[in-house]
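To be precise, the following lines are final_12.csv, and they hold CSV, C-alpha atoms.
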chain,number,residue,atom,x,y,z
A,276,MET,CA,0.0,0.0,0.0
A,277,LYS,CA,2.8,2.4,1.0
A,278,PHE,CA,4.8,1.6,-2.2
A,279,ARG,CA,1.8,2.3,-4.3
A,280,ALA,CA,1.3,5.7,-2.6
A,281,VAL,CA,5.0,6.6,-3.1
A,282,GLY,CA,4.8,5.4,-6.7
A,283,GLU,CA,1.7,7.6,-7.4
A,284,ALA,CA,3.4,10.6,-5.7
A,285,PHE,CA,6.4,10.0,-7.9
A,286,VAL,CA,4.2,9.9,-11.0
A,287,ILE,CA,2.4,13.1,-10.0
A,288,ILE,CA,5.7,14.9,-9.4
A,289,ALA,CA,7.1,13.7,-12.7
A,290,LEU,CA,4.0,14.9,-14.5
A,291,ALA,CA,4.2,18.3,-12.8
A,292,CYS,CA,7.8,18.6,-13.8
A,293,LEU,CA,7.1,17.9,-17.5
A,294,PRO,CA,5.7,21.3,-18.4
A,295,ALA,CA,8.5,23.0,-16.5
A,296,ILE,CA,11.2,21.0,-18.4
A,297,GLY,CA,9.4,21.7,-21.6
A,298,GLU,CA,9.2,25.4,-20.9
A,299,GLY,CA,12.9,25.5,-19.9
A,300,PHE,CA,13.9,23.8,-23.1
A,301,TYR,CA,11.6,26.0,-25.3
A,302,PHE,CA,12.8,29.2,-23.6
A,303,ARG,CA,16.4,28.1,-23.3
A,304,ASP,CA,17.6,31.1,-25.4
A,305,LYS,CA,15.6,33.5,-23.2
A,306,VAL,CA,17.5,32.5,-20.0
A,307,SER,CA,19.8,35.3,-18.9
A,308,TRP,CA,23.4,34.7,-19.8
A,309,GLN,CA,24.6,37.1,-17.2
A,310,SER,CA,25.1,35.8,-13.7
A,311,PRO,CA,23.6,38.1,-11.0
A,312,ILE,CA,26.0,40.5,-9.3
A,313,PRO,CA,26.9,39.2,-5.8
A,314,GLU,CA,25.4,41.2,-3.0
A,315,SER,CA,28.9,42.0,-1.6
A,316,GLU,CA,29.7,43.9,-4.9
A,317,LEU,CA,26.5,46.0,-4.7
A,318,VAL,CA,26.0,49.3,-2.9
A,319,THR,CA,22.8,51.3,-2.3
A,320,VAL,CA,22.6,55.0,-3.0
A,321,ASP,CA,22.4,55.8,0.7
A,322,GLN,CA,25.4,53.7,1.5
A,323,ALA,CA,27.5,55.3,-1.3
A,324,ARG,CA,26.4,58.7,-0.2
A,325,ALA,CA,27.5,58.0,3.3
A,326,TRP,CA,31.0,57.4,2.1
A,327,GLY,CA,31.1,61.1,1.1
A,328,SER,CA,34.4,62.1,-0.4
A,329,GLY,CA,35.7,58.6,0.2
A,330,ALA,CA,33.7,57.5,-2.8
A,331,ILE,CA,34.6,58.1,-6.4
A,332,TRP,CA,31.6,57.8,-8.8
A,333,VAL,CA,32.0,56.2,-12.2
A,334,ASP,CA,29.4,56.6,-15.0
A,335,ALA,CA,29.5,53.5,-17.3
A,336,ARG,CA,26.8,54.8,-19.6
A,337,PRO,CA,27.5,55.8,-23.2
A,338,ASP,CA,28.9,59.3,-23.8
A,339,ASP,CA,25.6,60.9,-24.9
A,340,GLU,CA,23.8,59.8,-21.7
A,341,PHE,CA,26.7,61.0,-19.5
A,342,ALA,CA,26.7,64.4,-21.4
A,343,ALA,CA,23.0,64.8,-20.8
A,344,ASP,CA,23.2,64.3,-17.1
A,345,HIS,CA,25.2,62.5,-14.5
A,346,VAL,CA,25.9,62.2,-10.8
A,347,PRO,CA,27.8,65.4,-9.8
A,348,GLY,CA,31.5,64.8,-9.7
A,349,ALA,CA,31.2,61.4,-11.6
A,350,PHE,CA,33.8,60.4,-14.1
A,351,SER,CA,32.7,58.9,-17.5
A,352,LEU,CA,34.2,55.5,-18.0
A,353,ASN,CA,32.6,53.3,-20.6
A,354,GLU,CA,33.8,50.5,-22.8
A,355,ASP,CA,33.3,52.4,-26.0
A,356,ARG,CA,36.4,54.5,-25.2
A,357,TRP,CA,37.9,52.5,-22.4
A,358,ASN,CA,41.6,53.2,-23.0
A,359,GLU,CA,41.1,57.0,-23.3
A,360,LEU,CA,38.7,57.4,-20.4
A,361,LEU,CA,40.6,55.1,-18.1
A,362,GLN,CA,43.6,57.4,-18.5
A,363,GLN,CA,41.4,60.3,-17.4
A,364,PHE,CA,39.9,58.5,-14.4
A,365,LEU,CA,43.0,57.0,-12.8
A,366,PRO,CA,44.7,60.2,-11.8
A,367,ASN,CA,41.6,60.9,-9.7
A,368,TRP,CA,41.7,57.5,-8.0
A,369,SER,CA,43.6,56.7,-4.8
A,370,PRO,CA,43.8,53.5,-2.8
A,371,ASP,CA,41.7,54.8,0.0
A,372,LYS,CA,38.7,55.5,-2.2
A,373,LYS,CA,35.8,53.3,-2.9
A,374,VAL,CA,34.7,53.2,-6.5
A,375,VAL,CA,30.9,53.3,-7.2
A,376,VAL,CA,30.0,52.4,-10.8
A,377,TYR,CA,26.5,53.0,-12.2
A,378,CYS,CA,24.7,52.6,-15.4
A,379,SER,CA,21.0,52.8,-16.3
A,380,ALA,CA,18.3,50.4,-17.5
A,381,GLN,CA,19.2,51.4,-21.0
A,382,SER,CA,22.9,50.5,-20.7
A,383,CYS,CA,22.0,47.4,-18.6
A,384,ASN,CA,25.1,45.5,-17.7
A,385,ALA,CA,27.6,48.2,-18.4
A,386,ALA,CA,28.2,49.0,-14.8
A,387,ARG,CA,28.9,45.3,-14.0
A,388,ASP,CA,31.3,45.0,-16.9
A,389,VAL,CA,33.2,48.2,-16.1
A,390,ALA,CA,33.5,47.2,-12.5
A,391,LYS,CA,34.8,43.8,-13.5
A,392,ARG,CA,37.5,45.4,-15.7
A,393,LEU,CA,38.5,47.8,-13.0
A,394,ARG,CA,38.9,44.8,-10.6
A,395,ASP,CA,40.4,42.3,-13.0
A,396,GLU,CA,42.5,44.4,-15.4
A,397,ALA,CA,43.5,47.5,-13.3
A,398,GLN,CA,43.3,45.4,-10.1
A,399,LEU,CA,41.5,48.1,-8.1
A,400,LYS,CA,40.0,47.1,-4.8
A,401,ASP,CA,36.7,48.3,-3.4
A,402,VAL,CA,34.8,48.6,-6.6
A,403,PHE,CA,31.0,48.5,-6.3
A,404,VAL,CA,28.0,48.5,-8.6
A,405,LEU,CA,25.2,50.9,-7.6
A,406,LYS,CA,22.0,49.1,-6.9
A,407,GLY,CA,19.2,50.4,-9.1
A,408,GLY,CA,21.8,52.4,-11.1
A,409,TRP,CA,21.2,55.9,-12.4
A,410,GLU,CA,17.4,55.7,-12.1
A,411,GLU,CA,17.7,55.0,-8.4
A,412,TRP,CA,20.1,57.9,-7.9
A,413,LEU,CA,17.6,60.1,-9.7
A,414,LYS,CA,14.7,58.9,-7.5
A,415,LYS,CA,16.6,60.0,-4.4
A,416,HIS,CA,18.0,63.3,-5.7
A,417,ARG,CA,15.4,64.8,-8.0
B,82,MET,CA,-26.6,23.7,-25.4
B,83,LYS,CA,-24.7,22.0,-28.1
B,84,THR,CA,-24.6,25.1,-30.4
B,85,PRO,CA,-22.6,27.4,-28.1
B,86,ILE,CA,-20.0,24.6,-27.4
B,87,LEU,CA,-19.7,24.0,-31.1
B,88,THR,CA,-19.4,27.7,-31.9
B,89,PHE,CA,-16.8,28.1,-29.1
B,90,THR,CA,-14.8,25.1,-30.4
B,91,LEU,CA,-14.9,26.3,-34.0
B,92,SER,CA,-13.8,29.8,-33.1
B,93,ILE,CA,-10.9,28.4,-31.2
B,94,LEU,CA,-9.9,26.2,-34.1
B,95,LEU,CA,-10.3,29.2,-36.5
B,96,ALA,CA,-8.2,31.4,-34.3
B,97,VAL,CA,-5.5,28.8,-34.1
B,98,ALA,CA,-5.6,28.2,-37.9
B,99,ALA,CA,-5.4,31.9,-38.7
B,100,ARG,CA,-2.5,32.6,-36.4
B,101,ALA,CA,0.4,34.8,-37.2
B,102,GLU,CA,3.8,33.3,-36.7
B,103,LEU,CA,7.2,34.7,-37.2
B,104,LYS,CA,9.6,31.9,-37.6
B,105,TRP,CA,13.2,32.8,-36.9
B,106,GLU,CA,16.1,31.0,-38.6
B,107,GLN,CA,18.3,31.5,-35.6
B,108,ASN,CA,17.7,33.3,-32.3
B,109,THR,CA,21.3,33.2,-31.3
B,110,ILE,CA,24.2,34.3,-33.5
B,111,GLU,CA,27.8,34.0,-32.5
B,112,LEU,CA,30.3,36.3,-34.1
B,113,HIS,CA,34.1,36.3,-34.1
B,114,PRO,CA,35.2,39.7,-35.1
B,115,SER,CA,38.8,40.0,-36.3
B,116,ALA,CA,41.4,42.2,-34.5
B,117,GLY,CA,40.8,45.8,-35.7
B,118,ASP,CA,37.1,45.3,-36.5
B,119,LYS,CA,35.1,48.2,-35.3
B,120,GLN,CA,31.7,46.5,-35.6
B,121,ALA,CA,30.1,43.1,-35.5
B,122,VAL,CA,26.9,42.7,-37.5
B,123,ALA,CA,24.3,39.9,-37.0
B,124,HIS,CA,21.5,39.2,-39.4
B,125,PHE,CA,18.5,37.5,-37.7
B,126,LYS,CA,16.4,36.1,-40.5
B,127,TYR,CA,12.7,35.4,-40.2
B,128,GLU,CA,9.7,34.3,-42.2
B,129,ASN,CA,6.0,34.7,-41.5
B,130,VAL,CA,4.8,31.1,-41.7
B,131,GLY,CA,1.3,32.1,-40.3
B,132,LYS,CA,-1.8,33.1,-42.2
B,133,THR,CA,-2.1,36.7,-41.0
B,134,ALA,CA,0.3,39.7,-41.2
B,135,VAL,CA,2.7,40.4,-38.3
B,136,HIS,CA,3.4,44.0,-37.2
B,137,PHE,CA,6.6,44.9,-35.3
B,138,LYS,CA,5.8,46.9,-32.2
B,139,SER,CA,9.3,47.4,-31.0
B,140,VAL,CA,12.9,46.2,-31.5
B,141,LYS,CA,15.1,47.1,-28.6
B,142,ALA,CA,18.7,46.3,-27.9
B,143,SER,CA,19.8,45.6,-24.3
B,144,CYS,CA,22.7,48.0,-24.6
B,145,GLY,CA,23.4,51.4,-26.1
B,146,CYS,CA,26.4,49.8,-27.9
B,147,THR,CA,24.0,47.8,-30.2
B,148,ALA,CA,21.9,49.4,-32.9
B,149,THR,CA,19.0,47.5,-34.5
B,150,GLN,CA,17.3,47.9,-37.8
B,151,THR,CA,14.2,46.2,-39.2
B,152,GLN,CA,13.6,46.2,-42.9
B,153,LYS,CA,9.9,46.5,-42.7
B,154,GLU,CA,7.1,47.3,-40.2
B,155,VAL,CA,4.6,44.7,-41.5
B,156,VAL,CA,5.5,41.2,-42.5
B,157,ASN,CA,2.8,39.6,-44.7
B,158,PRO,CA,2.2,35.8,-44.7
B,159,GLY,CA,5.0,34.0,-46.5
B,160,GLU,CA,7.3,37.1,-46.5
B,161,LYS,CA,10.9,36.9,-45.3
B,162,GLY,CA,13.1,39.5,-43.8
B,163,GLU,CA,15.8,40.2,-41.2
B,164,VAL,CA,16.5,42.2,-38.1
B,165,ILE,CA,20.0,43.6,-38.3
B,166,ALA,CA,21.9,44.1,-35.1
B,167,THR,CA,25.1,46.2,-35.3
B,168,PHE,CA,27.3,45.9,-32.2
B,169,ASN,CA,29.9,48.6,-31.8
B,170,ILE,CA,33.0,46.9,-30.4
B,171,GLY,CA,34.7,50.0,-29.0
B,172,ASP,CA,37.4,49.0,-26.5
B,173,ARG,CA,35.6,45.9,-25.4
B,174,THR,CA,37.4,42.5,-25.1
B,175,GLY,CA,36.3,39.0,-24.2
B,176,GLN,CA,32.9,37.4,-24.8
B,177,GLN,CA,30.1,40.0,-25.1
B,178,VAL,CA,26.5,39.0,-25.0
B,179,LYS,CA,23.9,41.4,-26.1
B,180,THR,CA,20.2,40.8,-26.5
B,181,ILE,CA,17.6,42.3,-28.8
B,182,THR,CA,13.9,42.1,-27.7
B,183,VAL,CA,11.5,42.0,-30.6
B,184,GLN,CA,7.8,42.6,-29.9
B,185,THR,CA,5.1,41.9,-32.4
B,186,ASP,CA,1.3,42.0,-32.4
B,187,ASP,CA,1.1,38.2,-32.5
B,188,PRO,CA,-1.8,37.2,-30.3
B,189,ASN,CA,0.2,34.2,-28.9
B,190,PRO,CA,2.2,35.6,-26.0
B,191,THR,CA,5.0,33.1,-26.5
B,192,GLN,CA,5.4,34.3,-30.1
B,193,ALA,CA,4.7,38.0,-29.5
B,194,THR,CA,8.1,38.6,-27.7
B,195,MET,CA,11.2,37.1,-29.1
B,196,ILE,CA,14.6,37.6,-27.5
B,197,LEU,CA,17.5,37.4,-30.0
B,198,THR,CA,21.0,37.0,-28.7
B,199,LEU,CA,24.2,38.3,-30.3
B,200,LYS,CA,27.4,36.8,-28.9
B,201,ALA,CA,30.7,38.3,-30.0
B,202,ASN,CA,34.0,36.8,-29.0
B,203,ILE,CA,36.5,39.6,-29.1
B,204,ALA,CA,39.9,38.2,-29.0
B,205,GLN,CA,42.3,39.8,-26.5
B,206,SER,CA,45.4,40.0,-28.7
B,207,LEU,CA,47.8,40.9,-25.8
B,208,GLU,CA,47.0,39.9,-22.3
B,209,MET,CA,48.4,42.5,-19.8
B,210,LYS,CA,48.3,41.9,-16.1
B,211,PRO,CA,47.8,44.3,-14.5
B,212,THR,CA,47.1,47.3,-16.8
B,213,PHE,CA,47.7,49.7,-14.0
B,214,VAL,CA,50.5,50.0,-11.4
B,215,TYR,CA,50.7,52.7,-8.7
B,216,TRP,CA,52.8,54.0,-5.8
B,217,THR,CA,51.5,56.2,-3.1
B,218,SER,CA,53.2,59.5,-2.6
B,219,GLY,CA,56.4,59.1,-0.5
B,220,GLU,CA,56.5,55.3,-1.1
B,221,GLU,CA,59.8,53.7,-1.9
B,222,PRO,CA,60.1,53.8,-5.7
B,223,LYS,CA,60.4,50.1,-6.2
B,224,THR,CA,60.1,48.5,-9.7
B,225,LYS,CA,56.7,47.1,-10.5
B,226,LYS,CA,56.0,44.5,-13.1
B,227,ILE,CA,53.4,43.9,-15.7
B,228,SER,CA,53.2,40.6,-17.5
B,229,LEU,CA,52.4,40.6,-21.2
B,230,LYS,CA,51.4,37.6,-23.2
B,231,ALA,CA,50.4,37.5,-26.9
B,232,ALA,CA,47.4,35.3,-27.8
B,233,LYS,CA,48.1,32.2,-29.9
B,234,GLU,CA,46.3,33.8,-32.9
B,235,PHE,CA,48.4,36.9,-32.5
B,236,PRO,CA,52.0,35.9,-33.4
B,237,ALA,CA,53.8,39.1,-32.2
B,238,LYS,CA,57.5,38.5,-31.8
B,239,ASP,CA,58.6,41.9,-30.6
B,240,ILE,CA,57.1,44.8,-28.7
B,241,THR,CA,58.2,48.3,-28.1
B,242,ILE,CA,57.2,50.8,-25.3
B,243,LYS,CA,56.9,54.5,-25.5
B,244,SER,CA,56.7,56.9,-22.6
B,245,ASN,CA,57.7,60.5,-22.6
B,246,SER,CA,57.4,60.8,-18.8
B,247,GLN,CA,60.8,61.7,-17.3
B,248,ASN,CA,59.5,60.4,-14.0
B,249,PHE,CA,59.0,56.8,-15.0
B,250,GLN,CA,61.6,54.4,-16.4
B,251,SER,CA,60.3,51.4,-18.3
B,252,LYS,CA,62.0,48.3,-19.6
B,253,ILE,CA,60.8,45.3,-21.6
B,254,VAL,CA,62.3,42.0,-20.4
B,255,PRO,CA,61.6,39.1,-23.0
B,256,GLY,CA,60.5,35.8,-21.6
B,257,LYS,CA,59.2,32.7,-23.5
B,258,PRO,CA,58.3,33.4,-27.2
B,259,GLY,CA,55.3,35.7,-27.1
B,260,GLU,CA,55.8,36.7,-23.5
B,261,TRP,CA,57.4,39.7,-21.9
B,262,THR,CA,57.6,41.5,-18.6
B,263,LEU,CA,57.3,45.2,-18.5
B,264,GLU,CA,59.2,46.8,-15.6
B,265,ILE,CA,58.2,50.3,-14.5
B,266,THR,CA,60.2,52.3,-11.9
B,267,PRO,CA,59.4,55.8,-10.8
B,268,LYS,CA,62.3,58.1,-10.2
B,269,ASP,CA,60.5,60.1,-7.7
B,270,THR,CA,57.3,59.5,-5.7
B,271,SER,CA,57.2,62.7,-3.8
B,272,HIS,CA,54.2,64.2,-5.6
B,273,PRO,CA,51.2,62.7,-7.4
B,274,MET,CA,51.5,62.3,-11.2
B,275,GLY,CA,50.9,59.6,-13.8
B,276,THR,CA,51.7,58.5,-17.2
B,277,ALA,CA,50.2,56.3,-19.9
B,278,LEU,CA,52.7,53.9,-21.6
B,279,LEU,CA,52.1,52.9,-25.2
B,280,ILE,CA,52.9,49.3,-26.1
B,281,GLN,CA,53.2,48.5,-29.8
B,282,THR,CA,53.5,45.1,-31.3
B,283,ASP,CA,55.3,44.1,-34.5
B,284,TYR,CA,52.2,42.3,-35.7
B,285,PRO,CA,50.3,42.8,-38.0
B,286,LYS,CA,53.2,44.3,-40.0
B,287,GLU,CA,51.0,46.6,-42.0
B,288,ALA,CA,49.1,48.0,-38.9
B,289,PRO,CA,50.9,47.2,-35.6
B,290,LYS,CA,48.5,47.2,-32.7
B,291,SER,CA,48.6,49.6,-29.8
B,292,PHE,CA,47.9,48.9,-26.1
B,293,TYR,CA,48.1,51.0,-23.1
B,294,VAL,CA,49.1,50.5,-19.5
B,295,ASN,CA,49.0,53.2,-16.8
B,296,ALA,CA,51.4,54.1,-14.0
B,297,GLN,CA,50.5,56.6,-11.3
B,298,ILE,CA,51.8,58.2,-8.1
B,299,THR,CA,48.7,58.6,-6.1
B,300,ASN,CA,47.8,60.9,-3.2
B,301,PRO,CA,48.5,59.5,0.2
B,302,ALA,CA,45.4,58.3,2.1
B,303,PRO,CA,44.2,61.2,4.4
B,304,PRO,CA,44.0,60.4,8.1
B,305,PRO,CA,40.4,59.2,8.9
B,306,MET,CA,39.7,62.4,10.9
B,307,LEU,CA,40.0,64.5,7.7
B,308,ARG,CA,37.6,62.6,5.6
B,309,THR,CA,34.4,64.6,5.0
B,310,PRO,CA,31.0,63.1,4.4
B,311,VAL,CA,30.4,65.3,1.5
B,312,GLN,CA,30.5,64.4,-2.2
B,313,SER,CA,33.7,65.8,-3.7
B,314,ASN,CA,33.6,67.7,-6.9
B,315,ALA,CA,37.2,68.5,-6.9
B,316,PRO,CA,38.7,69.1,-10.3
B,317,ALA,CA,40.6,66.2,-11.8
B,318,LEU,CA,44.3,66.0,-11.5
B,319,LYS,CA,46.2,66.2,-14.8
B,320,THR,CA,47.7,63.0,-16.2
B,321,ALA,CA,51.1,63.5,-17.7
B,322,THR,CA,50.1,61.7,-21.0
B,323,PRO,CA,53.2,62.2,-23.2
B,324,ALA,CA,52.6,64.3,-26.2
B,325,ALA,CA,54.5,61.9,-28.4
B,326,ILE,CA,52.1,59.1,-27.6
B,327,PRO,CA,48.9,59.2,-29.6
B,328,SER,CA,45.9,59.2,-27.4
B,329,PRO,CA,43.5,56.3,-27.9
B,330,ALA,CA,41.0,58.7,-29.4
B,331,ALA,CA,43.5,59.7,-32.1
B,332,ARG,CA,44.2,56.2,-33.2
Could you spell out this file's structure in structure tokens?
Amino acid sequence: MKFRAVGEAFVIIALACLPAIGEGFYFRDKVSWQSPIPESELVTVDQARAWGSGAIWVDARPDDEFAADHVPGAFSLNEDRWNELLQQFLPNWSPDKKVVVYCSAQSCNAARDVAKRLRDEAQLKDVFVLKGGWEEWLKKHR
Amino acid sequence: MKTPILTFTLSILLAVAARAELKWEQNTIELHPSAGDKQAVAHFKYENVGKTAVHFKSVKASCGCTATQTQKEVVNPGEKGEVIATFNIGDRTGQQVKTITVQTDDPNPTQATMILTLKANIAQSLEMKPTFVYWTSGEEPKTKKISLKAAKEFPAKDITIKSNSQNFQSKIVPGKPGEWTLEITPKDTSHPMGTALLIQTDYPKEAPKSFYVNAQITNPAPPPMLRTPVQSNAPALKTATPAAIPSPAAR
């Protein structure tokens, strides 16, 4: 009797899994390729603001978006002109500063990519991605 | 009682039979741009295999670096076409994944939104680790090293380094074939200053490639008491980018 109940339960679970497996296979190309940013690499607007002059803000959005508006004092550093912009940014960096990188919904993963290059290639420490990006900063300041 | 059920069933069948459907040849395209390419272009081909016309509502790229173009707004049954996605490489390296979200008026929600994926593998011709070395003001001016390694498909045999900064000495030390160590030594670390060093390879012969590494004497960390909780808008320090080195923008 017990075995029959277990068997039936197994069949029900397997049947319930079928649509999920089918959907996973059908939408396999819609699954995000980007792994989420670890919580330890994220910073909120309030936390970053609390760092005051100990934080250096980096705008990873394209040039035109930066030119339209940006966090006061932020430096433009995007991958379109990485080599040139990095040369302008580094003289303003010092080891005691925390780097806060942001982008917007339009430039999606730009902040994460820029932060990764700063960590991996330039080997800077204390590089964070702003949670909610430019839109979140606007919400709190406009 | 039977008539409404029959009508309902028939209307469902007719709706299914008259469906619009955009069939995509590929929804993921992988590109391998060559060194020096400025753009990577993907052509996502489709065909309307349904029985009604499909209207594009929007075609949006996930990133400002990718431009999209549809050839037409309406795709009639049996018609073919393509969505062209142009990815501007800029100074990017490694694998880049960009998505394009296509929305149509297809009544079937699974067909109405299609996500196209463009993958571009941008070869890193010369691996440089790290790309930035620094000393804090007053620190002992010890030599710092950057390792350089040419990729297999980038057979550079020799590299040169250019720096006009009088404050930094640089030296290339050859290692195994295709590998070098760049040694950078500041003469003086008494005040903040920096330089960009230009590395040029002997490959390809007709258009040698340029790479940049940065060296910096940074400000010493202020004592914790002096840090202010106010956003600094202090003007940027000037980088001593040598005049003889073409800036990346001028390349």
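Using all atoms listed in the file, the nearest neighbour of Thr299 (chain B) within the list B:His124, B:Lys161, B:His272, B:Lys179 is B:His272.
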Inset, instruction - Using all atoms listed in the file, collect all residues at a distance of at most 7 Å from (10.2, 32.7, -37.3) as written in the file, then present them as number ranges by chain. - result: B: 102-106, 127-129
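Between CA of Thr224 (chain B) and CA of Ile265 (chain B) lies a distance of 5.5 Å.
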Inset, instruction - Return as a count of residues only the residues belonging to chain A that are within 8 Å of chain B, counting all atoms listed in the file. - result: 37
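Across the model, the gap from CA of Phe168 (chain B) to CA of Val130 (chain B) is 28.6 Å.
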Inset, instruction - Quote the spacing between CA of Pro158 (chain B) and CA of Ala123 (chain B) in Å to one decimal place. - result: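 Here the two named atoms are 23.8 Å from each other.
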Inset, instruction - Show which residues sit within 8 Å of Ala349 (chain A), as a PyMOL selection string. Count all atoms listed in the file, and ignore same-chain residues fewer than 3 positions away. - result: chain A and resi 331-334+345-346
Output C-alpha atoms for every residue in the selection just made, as a PDB file, keeping the file's coordinate frame.
ATOM      1  CA  ILE A 331      34.600  58.100  -6.400  1.00  0.00           C
ATOM      2  CA  TRP A 332      31.600  57.800  -8.800  1.00  0.00           C
ATOM      3  CA  VAL A 333      32.000  56.200 -12.200  1.00  0.00           C
ATOM      4  CA  ASP A 334      29.400  56.600 -15.000  1.00  0.00           C
ATOM      5  CA  HIS A 345      25.200  62.500 -14.500  1.00  0.00           C
ATOM      6  CA  VAL A 346      25.900  62.200 -10.800  1.00  0.00           C
TER       7      VAL A 346
END
Inset, instruction - Determine, counting only C-alpha atoms, which protein, DNA and RNA residues have an atom within 8 Å of an atom of Arg336 (chain A); residues of the same chain fewer than 6 positions away are not included. Present the result as a ChimeraX atom specification. - result: /A:351-353,377-379,382,385-386
